[in-house]
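Asks: Please read through the structure below; I'll follow up with questions.
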Amino acid sequence: QKEVEQNSGPLSVPEGAIASLNCTYSDRGSQSFFWYRQYSGKSPELIMFIYSNGDKEDGRFTAQLNKASQYVSLLIRDSQPSDSATYLCAVVFPSNAGGTSYGKLTFGQGTILTVHP
Amino acid sequence: NAGVTQTPKFQVLKTGQSMTLQCAQDMNHNSMYWYRQDPGMGLRLIYYSASEGTTDKGEVPNGYNVSRLNKREFSLRLESAAPSQTSVYFCASRQTSGDEQFFGPGTRLTVL
């Protein structure tokens with residue numbers, strides 16, 4: 001079974017703090033990892049993607065990938081109230097038949113983040 | 001550029017009724033996807049279309065059918081709606097050479 005698990009949350013942090021969101025996945029052969037942000041009542045929007053082990057930084061966001069531990073995380077520095085949303089981890093799992101995966105995403109259940117002033 | 005559009009935004013059905021959810025994209029993307037989102041369960045893939053003329057099942061296809069009408073449009077049909085199909089439905093598209101999926105605004109469906 002191909003699974004993506006996120007820390008259950010909800011997560012509450014004060015404004016200006018670092019928010020840490022975590023995700024584990026079941027297939028060691030996975031190559032593509034995504035973090036989506038979803039505001040209440042809205043559609044998911046991509047904020048980060050990562051393919052290689054290590055850190056990838058984009059502004060206040062840092063994605064971290066450890067393929068050996070099957071673990072991907074998202075750090076949000078200097079958190080703002082506007083960062084309050086549900087964060088979804090998504091993974092492209094390898095195809096069972098060995099062919100292309102066609103970009104199919106498997107999502108975790110999401111972590112609700114609240115940044116309070 | 002409208003991106004990915006979905007109609008309707010809201011729909012209430014009675015058990016056993018049928019309906020079609022429409023999705024269109026104007027980004028010339030090859031691949032299109034239908035997901036459903038239930039509380040506390042993230043998004044789950046119902047069906048996808050890797051390219052015009054092809055469709056395939058995702059994780060939760062039972063009770064649904066799809067049609068890739070042309071490169072722009074990908075519709076999702078519920079032949080006989082059940083209360084278990086109450087959910088928010090998202091359509092998404094992706095260019096074959098890229099990884100990012102772009103999502104439509106969603107359809108909130110209630111089956112009574």
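Chain labels A, B, ... are given in the sequence in which chains occur in the structure tokens; within each chain residues are numbered consecutively from 1, and ligands are likewise numbered from 1 in the order shown.
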Give me the chain B side of the contact with chain A, cut-off 6 Å, one line per residue showing its nearest atom pair and distance in Å at one decimal, counting only C-alpha atoms, sorted by chain and residue number, as a tab-separated table.
Replies:
```
residue	atom	partner	partner_atom	distance
B:Gly40	CA	A:Gln109	CA	5.7
B:Met41	CA	A:Gln109	CA	4.6
B:Gly42	CA	A:Gln109	CA	4.0
B:Leu43	CA	A:Phe107	CA	5.8
B:Pro105	CA	A:Ser43	CA	5.3
```
Asks: Would you return as a ChimeraX atom specification the members of chain B that DSSP assigns to strand (DSSP E) on this structure's backbone?
Replies: /B:4-7,10-13,19-25,31-37,43-49,56-57,64-68,74-78,87-94,102-103,107-111
Asks: Could you give me, as a list of chain:residue names, the residues within 10 Å of Ala19 (chain A), counting only C-alpha atoms and dropping anything in the same chain fewer than 4 positions from it?
Replies: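 Listed by chain and then number, they are A:Leu11, A:Ser12, A:Val13, A:Pro14, A:Glu15, A:Phe61, A:Leu74, A:Leu75, A:Ile76, A:Arg77, A:Asp78, A:Ser79, A:Gln80, A:Asp83, A:Leu113, A:Thr114, A:Val115.
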Asks: Counting only C-alpha atoms, what is within 12 Å of region 23-31 of chain B, bar same-chain residues fewer than 4 positions away, as a PyMOL selection string?
Replies: (chain A and resi 101-104) or (chain B and resi 1-9+35+47-56+66-77+89-107)
Asks: Pick the closest to Val72 (chain A) from A:Pro10, A:Gly16, A:Thr100, A:Ser52: which is it, counting only C-alpha atoms?
Replies: A:Ser52
Asks: Excluding Asn66 (chain A) and any residue of its chain fewer than 5 positions from it, enumerate the residues within 7 Å of it, using only C-alpha atoms, and give them as a count of residues only.
Replies: 4
